[in-house]
Each structure stands twice: as C-alpha cells, then as structure tokens.
file input01.csv (CSV, C-alpha atoms)
chain,number,residue,atom,x,y,z
A,1,MET,CA,8.1,-37.2,4.4
A,2,ALA,CA,9.6,-34.6,6.6
A,3,CYS,CA,12.5,-36.9,7.4
A,4,LEU,CA,13.2,-37.4,3.7
A,5,LEU,CA,13.2,-33.6,3.1
A,6,VAL,CA,15.5,-33.0,6.0
A,7,ALA,CA,17.8,-35.7,4.7
A,8,ALA,CA,17.7,-34.2,1.2
A,9,ILE,CA,18.6,-30.8,2.7
A,10,GLY,CA,21.5,-32.3,4.6
A,11,ALA,CA,22.8,-34.1,1.6
A,12,THR,CA,22.6,-31.0,-0.6
A,13,GLY,CA,24.0,-28.6,1.9
A,14,LEU,CA,23.3,-24.9,2.1
A,15,ARG,CA,25.9,-22.2,1.3
A,16,THR,CA,25.5,-18.5,1.7
A,17,SER,CA,24.5,-17.9,-1.9
A,18,ALA,CA,20.9,-18.1,-3.1
A,19,ALA,CA,22.2,-19.7,-6.3
A,20,ASP,CA,23.7,-22.5,-4.3
A,21,ALA,CA,20.7,-23.0,-2.0
A,22,PRO,CA,18.4,-25.9,-2.6
A,23,PRO,CA,15.0,-25.0,-4.1
A,24,LEU,CA,13.0,-22.8,-1.8
A,25,ASP,CA,10.0,-25.1,-2.0
A,26,VAL,CA,11.9,-27.9,-0.3
A,27,LEU,CA,12.2,-25.7,2.8
A,28,LEU,CA,8.7,-24.3,2.6
A,29,ARG,CA,7.3,-27.9,2.6
A,30,LEU,CA,8.6,-28.1,6.1
A,31,LYS,CA,6.4,-25.1,7.1
A,32,GLY,CA,5.4,-25.1,10.7
A,33,THR,CA,8.2,-27.3,11.9
A,34,GLU,CA,9.2,-26.5,15.5
A,35,LEU,CA,12.8,-25.5,14.9
A,36,ALA,CA,13.8,-25.8,18.5
A,37,ALA,CA,13.0,-29.5,18.3
A,38,SER,CA,14.6,-30.1,14.9
A,39,PRO,CA,18.3,-28.9,14.8
A,40,ALA,CA,18.8,-30.1,11.3
A,41,VAL,CA,15.9,-28.0,9.9
A,42,LYS,CA,16.9,-25.0,12.0
A,43,ALA,CA,20.4,-25.2,10.6
A,44,ALA,CA,19.1,-25.4,7.1
A,45,VAL,CA,16.7,-22.4,7.7
A,46,ASP,CA,19.4,-20.3,9.3
A,47,ARG,CA,21.7,-20.8,6.3
A,48,ALA,CA,18.9,-20.2,3.9
A,49,LEU,CA,18.0,-16.9,5.6
A,50,LEU,CA,21.6,-15.8,5.1
A,51,ALA,CA,21.5,-16.9,1.5
A,52,TYR,CA,18.3,-15.0,0.8
A,53,ARG,CA,19.0,-11.9,2.9
A,54,GLY,CA,17.6,-8.8,1.2
A,55,LYS,CA,15.5,-10.9,-1.2
A,56,PRO,CA,11.7,-11.8,-1.1
A,57,PRO,CA,12.4,-15.5,-0.2
A,58,PHE,CA,13.7,-14.2,3.1
A,59,LEU,CA,10.2,-13.1,4.0
A,60,GLU,CA,8.7,-16.4,2.8
A,61,LEU,CA,11.0,-18.2,5.2
A,62,VAL,CA,10.1,-15.9,8.1
A,63,ARG,CA,6.4,-16.4,7.4
A,64,ALA,CA,6.6,-20.2,6.9
A,65,PHE,CA,8.4,-20.8,10.3
A,66,ASP,CA,6.8,-17.8,12.1
A,67,LEU,CA,10.2,-16.4,13.0
A,68,THR,CA,10.1,-13.5,15.5
A,69,ASP,CA,13.9,-12.8,15.8
A,70,GLN,CA,14.7,-11.6,12.3
A,71,ALA,CA,14.2,-7.8,12.6
A,72,ASP,CA,17.5,-6.8,11.1
A,73,GLY,CA,17.0,-9.0,7.9
A,74,LEU,CA,13.4,-7.8,7.5
A,75,ILE,CA,14.5,-4.2,7.8
A,76,VAL,CA,17.1,-4.8,5.1
A,77,LEU,CA,14.3,-6.2,2.9
A,78,ALA,CA,12.1,-3.2,3.5
A,79,VAL,CA,14.9,-0.8,2.6
A,80,ALA,CA,15.4,-2.8,-0.7
A,81,GLY,CA,11.7,-2.6,-1.5
A,82,PRO,CA,10.2,0.4,0.2
A,83,ASP,CA,7.3,0.9,-2.2
A,84,ASP,CA,6.2,-2.7,-2.6
A,85,SER,CA,4.2,-5.4,-0.7
A,86,THR,CA,7.3,-7.3,0.5
A,87,GLY,CA,8.7,-4.2,2.2
A,88,ALA,CA,5.4,-3.4,3.9
A,89,GLU,CA,4.9,-6.9,5.3
A,90,ALA,CA,8.5,-7.1,6.4
A,91,LEU,CA,8.1,-4.0,8.6
A,92,GLN,CA,4.6,-5.0,9.7
A,93,ARG,CA,6.2,-8.2,11.1
A,94,VAL,CA,9.0,-6.3,12.8
A,95,ILE,CA,6.5,-4.1,14.6
A,96,ASP,CA,4.2,-6.9,15.5
A,97,ASP,CA,7.1,-8.7,17.1
A,98,GLY,CA,8.2,-5.7,19.2
A,99,GLY,CA,11.0,-4.5,17.0
A,100,LEU,CA,10.4,-0.7,17.2
A,101,ASP,CA,13.9,0.0,18.6
A,102,ALA,CA,15.5,-1.8,15.6
A,103,ILE,CA,13.4,0.4,13.2
A,104,ARG,CA,14.3,3.6,15.1
A,105,GLN,CA,18.0,2.8,14.8
A,106,ALA,CA,17.6,2.0,11.1
A,107,LEU,CA,15.8,5.3,10.5
A,108,ALA,CA,18.9,7.1,11.6
A,109,GLY,CA,21.0,5.2,9.1
A,110,PRO,CA,21.7,5.3,5.4
A,111,GLY,CA,18.4,3.5,4.6
A,112,GLY,CA,16.3,5.9,6.6
A,113,SER,CA,14.7,7.6,3.6
A,114,ALA,CA,13.5,4.2,2.2
A,115,LEU,CA,12.2,3.1,5.6
A,116,VAL,CA,10.1,6.3,5.9
A,117,ARG,CA,8.4,5.4,2.6
A,118,ALA,CA,7.9,1.8,3.6
A,119,LEU,CA,6.3,2.7,6.9
A,120,GLY,CA,3.6,4.5,5.0
A,121,ASN,CA,2.3,1.1,3.8
A,122,VAL,CA,2.2,-0.4,7.3
A,123,ALA,CA,-1.1,-0.6,9.3
A,124,ALA,CA,0.2,-0.2,12.9
A,125,ASP,CA,-0.7,2.3,15.6
A,126,SER,CA,3.0,2.7,16.4
A,127,VAL,CA,3.8,4.2,13.0
A,128,PRO,CA,3.3,7.8,14.2
A,129,GLU,CA,5.8,7.5,17.0
A,130,LEU,CA,8.4,6.3,14.4
A,131,LEU,CA,7.6,8.9,11.7
A,132,GLN,CA,6.6,12.0,13.7
A,133,PRO,CA,10.1,12.7,15.0
A,134,VAL,CA,11.4,12.6,11.4
A,135,MET,CA,8.6,15.0,10.3
A,136,LEU,CA,9.3,17.5,13.1
A,137,ASP,CA,13.1,17.4,12.8
A,138,GLY,CA,13.9,20.9,11.5
A,139,LYS,CA,17.5,19.8,10.7
A,140,ALA,CA,16.4,16.9,8.4
A,141,PRO,CA,16.2,17.4,4.6
A,142,GLU,CA,12.8,18.8,3.7
A,143,ALA,CA,12.3,16.0,1.1
A,144,LEU,CA,12.6,13.5,3.9
A,145,ARG,CA,10.2,15.4,6.1
A,146,LEU,CA,7.7,15.6,3.3
A,147,ASP,CA,8.0,11.8,2.8
A,148,ALA,CA,7.2,11.4,6.4
A,149,VAL,CA,4.1,13.5,6.1
A,150,ARG,CA,2.8,11.5,3.1
A,151,ALA,CA,3.6,8.2,4.9
A,152,LEU,CA,1.7,9.3,8.0
A,153,ALA,CA,-1.4,10.2,5.9
A,154,HIS,CA,-1.6,6.6,4.6
A,155,SER,CA,-2.7,5.1,7.9
A,156,GLU,CA,-5.6,6.0,10.3
A,157,ALA,CA,-3.2,6.4,13.2
A,158,GLY,CA,-0.9,8.6,11.1
A,159,ALA,CA,-3.7,10.8,9.8
A,160,GLN,CA,-5.0,11.2,13.4
A,161,ALA,CA,-1.5,12.3,14.4
A,162,LEU,CA,-1.3,14.9,11.7
A,163,LEU,CA,-4.6,16.3,12.7
A,164,SER,CA,-3.6,16.4,16.4
A,165,LEU,CA,-0.6,18.5,15.5
A,166,ALA,CA,-2.8,20.8,13.4
A,167,ARG,CA,-5.4,21.2,16.2
A,168,ALA,CA,-2.6,22.1,18.7
A,169,GLY,CA,-1.1,24.6,16.3
A,170,ASN,CA,2.1,22.8,16.2
A,171,PHE,CA,2.1,21.8,12.5
A,172,PRO,CA,5.2,23.2,10.5
A,173,GLU,CA,3.9,25.7,8.0
A,174,ASN,CA,6.1,24.5,5.2
A,175,LEU,CA,4.6,21.0,5.5
A,176,LYS,CA,0.9,21.9,5.7
A,177,PRO,CA,0.2,22.0,1.9
A,178,ALA,CA,1.7,18.5,1.4
A,179,ALA,CA,-0.3,17.2,4.4
A,180,GLY,CA,-3.5,18.6,3.0
A,181,THR,CA,-3.0,17.1,-0.4
A,182,ALA,CA,-2.1,13.7,1.1
A,183,LEU,CA,-5.1,13.7,3.5
A,184,ALA,CA,-7.5,14.7,0.7
A,185,SER,CA,-7.0,11.4,-1.0
A,186,SER,CA,-6.9,9.4,2.3
A,187,ALA,CA,-9.0,6.2,2.6
A,188,TRP,CA,-10.2,7.3,6.0
A,189,ALA,CA,-13.4,9.1,5.1
A,190,ALA,CA,-14.3,10.0,8.7
A,191,LEU,CA,-11.3,12.3,8.8
A,192,LYS,CA,-11.7,14.1,5.5
A,193,ASP,CA,-13.9,17.0,6.7
A,194,GLU,CA,-11.7,17.9,9.5
A,195,SER,CA,-8.5,17.6,7.4
A,196,ALA,CA,-10.0,19.8,4.7
A,197,ARG,CA,-10.7,22.5,7.4
A,198,LEU,CA,-7.4,22.3,9.2
A,199,LEU,CA,-5.0,21.3,6.4
A,200,PRO,CA,-6.4,22.3,3.0
A,201,PRO,CA,-4.7,20.8,0.0
A,202,ALA,CA,-1.8,22.6,-1.7
A,203,SER,CA,-3.7,22.8,-5.0
A,204,PRO,CA,-7.4,22.7,-4.2
A,205,ALA,CA,-9.5,21.3,-7.0
A,206,GLY,CA,-11.4,24.6,-6.7
A,207,GLN,CA,-13.6,24.3,-9.7
A,208,SER,CA,-16.9,22.4,-9.6
A,209,ILE,CA,-17.3,19.1,-11.5
A,210,PRO,CA,-18.1,19.9,-15.1
A,211,PRO,CA,-21.8,19.2,-15.7
A,212,LEU,CA,-22.7,16.1,-17.7
A,213,ALA,CA,-24.7,17.9,-20.4
A,214,THR,CA,-21.8,20.3,-21.0
A,215,VAL,CA,-19.3,17.4,-21.2
A,216,LEU,CA,-21.4,15.4,-23.6
A,217,ALA,CA,-21.9,18.4,-25.9
A,218,LEU,CA,-18.2,18.5,-26.6
A,219,ARG,CA,-16.2,16.3,-29.0
A,220,GLY,CA,-13.6,14.4,-27.0
A,221,ASP,CA,-10.2,13.4,-28.2
A,222,ASP,CA,-9.0,10.0,-27.0
A,223,ALA,CA,-5.3,10.8,-27.5
A,224,ARG,CA,-5.6,13.8,-25.2
A,225,GLY,CA,-7.8,11.7,-22.9
A,226,GLU,CA,-5.0,9.1,-22.5
A,227,LYS,CA,-2.6,11.8,-21.3
A,228,ILE,CA,-5.3,13.0,-18.8
A,229,PHE,CA,-5.8,9.4,-17.6
A,230,PHE,CA,-2.1,9.1,-16.7
A,231,GLY,CA,-1.8,12.7,-15.6
A,232,ALA,CA,-4.3,15.3,-14.2
A,233,ALA,CA,-7.1,12.8,-13.5
A,234,ALA,CA,-4.7,10.5,-11.6
A,235,CYS,CA,-6.6,7.4,-12.8
A,236,SER,CA,-3.3,5.5,-13.1
A,237,THR,CA,-2.6,5.7,-9.4
A,238,CYS,CA,-5.2,2.9,-9.0
A,239,HIS,CA,-5.7,1.4,-12.4
A,240,GLN,CA,-3.3,-0.2,-14.8
A,241,LEU,CA,-3.4,-0.1,-18.6
A,242,GLY,CA,-0.8,-1.5,-21.0
A,243,GLY,CA,1.6,-2.2,-18.1
A,244,LYS,CA,1.5,1.4,-16.9
A,245,GLY,CA,-0.1,2.5,-13.7
A,246,VAL,CA,-0.9,0.7,-10.5
A,247,ASP,CA,-2.8,-2.6,-10.5
A,248,PHE,CA,-5.1,-1.9,-7.6
A,249,GLY,CA,-8.6,-1.1,-8.9
A,250,PRO,CA,-10.7,-3.0,-11.4
A,251,GLY,CA,-9.3,-3.6,-14.9
A,252,LEU,CA,-10.4,-1.0,-17.5
A,253,SER,CA,-9.1,-2.6,-20.7
A,254,GLU,CA,-12.7,-3.3,-21.9
A,255,ILE,CA,-14.6,-0.6,-20.0
A,256,GLY,CA,-15.8,1.0,-23.3
A,257,ASP,CA,-17.7,-2.2,-24.1
A,258,LYS,CA,-19.6,-2.0,-20.8
A,259,TYR,CA,-20.5,1.6,-20.4
A,260,GLY,CA,-21.5,4.6,-22.6
A,261,PRO,CA,-20.2,8.1,-21.9
A,262,ASP,CA,-23.0,9.0,-19.5
A,263,ALA,CA,-22.5,5.9,-17.4
A,264,LEU,CA,-18.7,6.4,-17.4
A,265,TYR,CA,-19.2,10.0,-16.2
A,266,ALA,CA,-21.6,8.7,-13.4
A,267,ASN,CA,-19.1,6.0,-12.2
A,268,ILE,CA,-16.3,8.6,-12.0
A,269,VAL,CA,-18.4,11.2,-10.2
A,270,ASP,CA,-20.0,8.7,-7.8
A,271,PRO,CA,-17.8,5.6,-7.6
A,272,ALA,CA,-19.9,4.0,-4.9
A,273,ALA,CA,-22.8,3.7,-7.3
A,274,GLY,CA,-21.3,0.6,-9.0
A,275,ILE,CA,-18.7,-1.4,-7.1
A,276,ALA,CA,-17.2,-4.3,-9.0
A,277,PHE,CA,-17.4,-7.7,-7.3
A,278,GLY,CA,-14.2,-8.4,-5.3
A,279,TYR,CA,-13.5,-4.6,-4.8
A,280,GLU,CA,-15.7,-4.1,-1.8
A,281,PRO,CA,-13.6,-2.1,0.8
A,282,TRP,CA,-13.1,-3.6,4.3
A,283,GLN,CA,-11.6,-2.2,7.4
A,284,ILE,CA,-9.5,-4.8,9.2
A,285,THR,CA,-8.9,-4.0,12.9
A,286,LEU,CA,-5.6,-5.5,14.1
A,287,ARG,CA,-4.1,-6.1,17.5
A,288,ASN,CA,-2.0,-3.0,17.0
A,289,GLY,CA,-3.5,-1.0,14.2
A,290,ALA,CA,-6.0,-1.0,11.3
A,291,ALA,CA,-5.9,-1.5,7.6
A,292,ILE,CA,-8.3,-0.7,4.8
A,293,GLY,CA,-8.4,-2.5,1.5
A,294,PHE,CA,-9.8,-5.5,-0.4
A,295,ILE,CA,-9.7,-9.0,1.0
A,296,ALA,CA,-7.6,-10.8,-1.5
A,297,SER,CA,-7.6,-14.2,0.1
A,298,GLU,CA,-8.0,-16.0,3.4
A,299,THR,CA,-6.8,-19.2,5.0
A,300,ASP,CA,-7.1,-20.7,8.4
A,301,ASP,CA,-4.0,-18.8,9.6
A,302,GLU,CA,-3.8,-15.7,7.4
A,303,LEU,CA,-5.8,-12.9,6.0
A,304,THR,CA,-4.4,-11.2,2.9
A,305,VAL,CA,-5.4,-7.6,2.3
A,306,LYS,CA,-4.8,-5.6,-0.9
A,307,ALA,CA,-4.4,-1.9,0.1
A,308,PRO,CA,-4.2,1.3,-2.0
A,309,GLY,CA,-1.0,1.3,-4.0
A,310,ASN,CA,-1.3,-2.4,-4.6
A,311,ILE,CA,0.3,-3.2,-1.3
A,312,ILE,CA,-0.6,-6.8,-0.5
A,313,THR,CA,0.0,-7.8,3.1
A,314,ARG,CA,-0.6,-11.1,4.9
A,315,TYR,CA,-1.8,-10.7,8.4
A,316,ARG,CA,-1.7,-13.4,11.0
A,317,LYS,CA,-5.3,-14.3,11.9
A,318,SER,CA,-4.2,-14.1,15.6
A,319,ASP,CA,-3.5,-10.4,15.0
A,320,VAL,CA,-6.9,-9.7,13.4
A,321,THR,CA,-9.5,-8.6,16.0
A,322,ALA,CA,-12.4,-7.5,13.8
A,323,ARG,CA,-13.4,-6.8,10.2
A,324,GLU,CA,-16.1,-4.5,8.8
A,325,ARG,CA,-17.4,-4.1,5.3
A,326,LEU,CA,-17.3,-0.4,4.6
A,327,PRO,CA,-19.9,1.5,2.6
A,328,GLY,CA,-18.9,3.2,-0.5
A,329,SER,CA,-15.8,2.8,-2.6
A,330,LEU,CA,-12.1,3.4,-2.1
A,331,MET,CA,-12.1,5.5,-5.2
A,332,PRO,CA,-12.5,9.1,-4.1
A,333,PRO,CA,-15.5,10.9,-5.6
A,334,GLY,CA,-15.2,14.2,-7.6
A,335,LEU,CA,-12.0,13.4,-9.5
A,336,LEU,CA,-13.4,15.3,-12.5
A,337,ALA,CA,-13.1,18.5,-10.4
A,338,ALA,CA,-9.4,18.4,-11.4
A,339,THR,CA,-10.5,18.8,-15.1
A,340,ASN,CA,-12.4,21.3,-17.1
A,341,ALA,CA,-15.3,20.3,-19.4
A,342,GLN,CA,-13.1,19.7,-22.5
A,343,GLU,CA,-10.6,17.6,-20.5
A,344,ALA,CA,-13.5,15.6,-19.0
A,345,ALA,CA,-14.8,15.0,-22.5
A,346,ASP,CA,-11.4,13.9,-23.7
A,347,LEU,CA,-11.1,11.5,-20.7
A,348,LEU,CA,-14.5,9.9,-21.5
A,349,ALA,CA,-13.5,9.5,-25.1
A,350,PHE,CA,-10.4,7.6,-24.1
A,351,LEU,CA,-12.2,5.4,-21.7
A,352,GLY,CA,-14.9,4.8,-24.3
A,353,SER,CA,-12.2,3.6,-26.7
A,354,LEU,CA,-11.0,0.9,-24.4
A,355,LYS,CA,-12.7,-2.1,-26.0
A,356,LYS,CA,-12.0,-5.7,-26.6
A,357,GLY,CA,-9.4,-6.2,-29.3
A,358,ARG,CA,-8.0,-2.6,-29.1
call {"tool": "encode", "arguments": {"input": "input01.csv", "output": "structure tokens"}}
result
Amino acid sequence: MACLLVAAIGATGLRTSAADAPPLDVLLRLKGTELAASPAVKAAVDRALLAYRGKPPFLELVRAFDLTDQADGLIVLAVAGPDDSTGAEALQRVIDDGGLDAIRQALAGPGGSALVRALGNVAADSVPELLQPVMLDGKAPEALRLDAVRALAHSEAGAQALLSLARAGNFPENLKPAAGTALASSAWAALKDESARLLPPASPAGQSIPPLATVLALRGDDARGEKIFFGAAACSTCHQLGGKGVDFGPGLSEIGDKYGPDALYANIVDPAAGIAFGYEPWQITLRNGAAIGFIASETDDELTVKAPGNIITRYRKSDVTARERLPGSLMPPGLLAATNAQEAADLLAFLGSLKKGR
C-alpha cells in the first residue's frame, strides 16, 4: 500500500501551493515512514511543508512524521494563531526539540507580540526564561509587558517565576495589579494564597458572596442576567452559548432543565460539589514542564489535553512522566463575589431559562 501511495504522490507532483498539493490524507497515511530511508516520501513531505507553511496542515505533517527540524515553520504557525491550540502545540514542539534560540530570535522580530501570547498556552518549564526578559524590559511597550505577565501566569513555572520576583522585591510596580488579577484565576491552587498576599488583584472582588436567601428573595431578569453571564461574572471565558464564549467547560444550553435556582447557586459558589463526567481536572507532568486540564483523548503514542481557554495540545507519550487526578474543579469558587445580590438573581434567572427548545 505504501508503495502505491508513494507512486501516486510522484505521479501527481507537489508544487508550493496548498491548492496544488495532493490531498493531505494521502501523505498522512504514510505516517511513521522513516524519511531518511525513503527519498521519495521525504521529497513529497518537504514540498508539502512548503505548500502548507503557516497553515494547520503544517503541524499535522510535523506530528505525523515526528519532524524535529521545523522550528522556523512552527514559529510562523504560532504567530499566525497565537490564541489557539495549533499555535500552542507548535511552540510546545519547538521547545521540546530544543528550539529556544529560534523562539528568542523570533520574540525580537515583528511577530514577537503574538509569540508572547502563544507562549502563555505552552506547558514548559523554559517559558519563564523566554518571557521574563520581555516583562522586565523597561523599554518595551507596556502592553507587550502586560501580555508577558498574563502569559506567565498561565503555567505553573511562570506563576512561580512571578512570585519569585515579588518575594525578592523586584516586581515592577506598574505590572503588579495585572499580575495579581491573572494569578487570582490561575489553575494552580497551591500558589493562590501566596499570590493573593504578594500580588493582590487590581480589582479585588471585595464584597462577600451574596447570601442564597437574599438572592432567592429577589426577582431576577434573564435579559440582564445574560449580559452578566457574558460580562461581570465571566462565565463565557469557559462556557459557550449560541456560538459566543469559549468552549471549555460543560455545555449549559439545557442547564435550566437540570437544576433549580438553589442548585445553580450552589454549583457556582462551590463548583467542586458537582463535576460533570469528562471534566475531571488532571495534572500532567511532562519531561520539561506541567499541564493542567481535561484528558480529551489518548492513544498508544499521544495524550491529548484540553486546557483552560480551550487550548487542545497533543503531547508525545514519551514526554509524559506522570499524571495525577486533581481534587476539585478548574472552575474557580466564589465567582458570585463579583456581583451584588440583584445581579446574582439576574444571572440565576438567565441560567434557569436555558432549557431544551429555547
């Protein structure tokens, strides 16, 4: 079969345009071929990489043939998609394959801002050494430095780096509020107490959570509640409704059929009380870092993890050293502290209106 596919590729020819390239699945069916021993397949893959440069199929080819010499093309892909799963996995592979210098050079170029954001979705211990110089560069634009702070807060190694700077008294004053806000919503629960003490959020929730009895005594307005869902309560940073928001947490389109107002309140205040199947959080320890998220799928060779922000990354099993089921939920408790009693009532009214057939 492989010989027939190689012959088909040779007959079709590969040009440098994706539109002229043969179907991607033809090449992917040759997954695992030792390119050094098959010049025809190597030539086809090389030309396909050129055709798909900057596009998601480029990463599929790198993954299929376990290529370790494509740092430049993977960085181009990360710059093109800094906030999505493709960009995150592209940079993860560059780092895993020893491409830190290539990333450093790219950070100094025109795509540097996008790379800073993309690095925030990478679970590697080397992320701080890439982002900390950007954060501490007093000559860099403040917006870029703030992006570096937020990106650092996304990983355990990055959060630890931020706290180390704060402990040493070396944290730039103008960046402290942003760091506190980012760390307050971090998935790394063990760091939250110290971060709240050293780097308090810019806008502390301040108020206590509105009591259930007070909330239930008020008449909620679901139209106002919808605005709160997509605004102050920040529900849409992890949940998607009507194509809006981030598809990370469980679906809520029929949540009103499952829970009454009191149960909805309880699930928001204490998310760990009822974790939906498939949304159990795991810590994945890697050869050079750590990731937190849901295990989306697993094969003999790969482990696919869905991290906050709906960043889906495939890790080579050879890079995974341990995994641990974490207690609790990735949804932070106390989100209602960002609302007053009437706003909480409005939010519960909106969630309660989400029923089948709406």
call {"tool": "residues_around", "arguments": {"input": "input01.csv", "residues": "region 26-35 of chain A", "least_positions_apart": "4", "cutoff": "6 Å", "atoms": "all atoms listed in the file", "output": "mmCIF file with C-alpha atoms, keeping the file's coordinate frame"}}
result
data_model
loop_
_atom_site.group_PDB
_atom_site.id
_atom_site.type_symbol
_atom_site.label_atom_id
_atom_site.label_comp_id
_atom_site.auth_asym_id
_atom_site.auth_seq_id
_atom_site.Cartn_x
_atom_site.Cartn_y
_atom_site.Cartn_z
ATOM 1 C CA LYS A 42 16.900 -25.000 12.000
ATOM 2 C CA ALA A 64 6.600 -20.200 6.900
ATOM 3 C CA PHE A 65 8.400 -20.800 10.300
#
call {"tool": "closest_atom_pairs", "arguments": {"input": "input01.csv", "of": "region 121-239 of chain A", "to": "region 347-356 of chain A", "cutoff": "8 Å", "atoms": "all atoms listed in the file", "output": "CSV"}}
result
residue,atom,partner,partner_atom,distance
A:Gly220,CA,A:Ala349,CA,5.3
A:Asp221,CA,A:Ala349,CA,6.0
A:Asp222,CA,A:Phe350,CA,4.0
A:Ala223,CA,A:Phe350,CA,6.9
A:Arg224,CA,A:Leu347,CA,7.5
A:Gly225,CA,A:Leu347,CA,4.0
A:Glu226,CA,A:Phe350,CA,5.8
A:Ile228,CA,A:Leu347,CA,6.3
A:Phe229,CA,A:Leu347,CA,6.5
call {"tool": "residues_around", "arguments": {"input": "input01.csv", "residues": "region 309-326 of chain A", "least_positions_apart": "2", "cutoff": "6 Å", "atoms": "all atoms listed in the file", "output": "mmCIF file with C-alpha atoms, in the frame of the given file"}}
result
data_model
loop_
_atom_site.group_PDB
_atom_site.id
_atom_site.type_symbol
_atom_site.label_atom_id
_atom_site.label_comp_id
_atom_site.auth_asym_id
_atom_site.auth_seq_id
_atom_site.Cartn_x
_atom_site.Cartn_y
_atom_site.Cartn_z
ATOM 1 C CA SER A 85 4.200 -5.400 -0.700
ATOM 2 C CA GLU A 89 4.900 -6.900 5.300
ATOM 3 C CA PHE A 248 -5.100 -1.900 -7.600
ATOM 4 C CA PRO A 281 -13.600 -2.100 0.800
ATOM 5 C CA TRP A 282 -13.100 -3.600 4.300
ATOM 6 C CA GLN A 283 -11.600 -2.200 7.400
ATOM 7 C CA ILE A 284 -9.500 -4.800 9.200
ATOM 8 C CA THR A 285 -8.900 -4.000 12.900
ATOM 9 C CA LEU A 286 -5.600 -5.500 14.100
ATOM 10 C CA ARG A 287 -4.100 -6.100 17.500
ATOM 11 C CA ASP A 301 -4.000 -18.800 9.600
ATOM 12 C CA GLU A 302 -3.800 -15.700 7.400
ATOM 13 C CA LEU A 303 -5.800 -12.900 6.000
ATOM 14 C CA THR A 304 -4.400 -11.200 2.900
ATOM 15 C CA VAL A 305 -5.400 -7.600 2.300
ATOM 16 C CA LYS A 306 -4.800 -5.600 -0.900
ATOM 17 C CA ALA A 307 -4.400 -1.900 0.100
#
call {"tool": "atom_distance", "arguments": {"input": "input01.csv", "atom1": "CA of Leu144 (chain A)", "atom2": "CA of Arg117 (chain A)"}}
result
9.2 Å
call {"tool": "atom_distance", "arguments": {"input": "input01.csv", "atom1": "CA of Thr214 (chain A)", "atom2": "CA of Gly274 (chain A)"}}
result
23.1 Å
call {"tool": "residues_around", "arguments": {"input": "input01.csv", "residues": "Gln240 (chain A)", "least_positions_apart": "3", "cutoff": "12 Å", "atoms": "all atoms listed in the file", "output": "PyMOL selection string"}}
result
chain A and resi 229-230+234-237+243-253+309-310
call {"tool": "atom_distance", "arguments": {"input": "input01.csv", "atom1": "CA of Pro172 (chain A)", "atom2": "CA of Pro308 (chain A)"}}
result
26.9 Å
call {"tool": "residues_around", "arguments": {"input": "input01.csv", "residues": "Pro57 (chain A)", "least_positions_apart": "2", "cutoff": "12 Å", "atoms": "only C-alpha atoms", "output": "VMD selection string"}}
result
chain A and resid 18 21 23 to 25 27 to 28 45 48 to 55 59 to 64 73 to 74 77 86 90
call {"tool": "closest_residue", "arguments": {"input": "input01.csv", "among": "A:Gly260, A:Gly289, A:Pro271, A:Pro200", "to": "Leu330 (chain A)", "atoms": "only C-alpha atoms"}}
result
A:Pro271
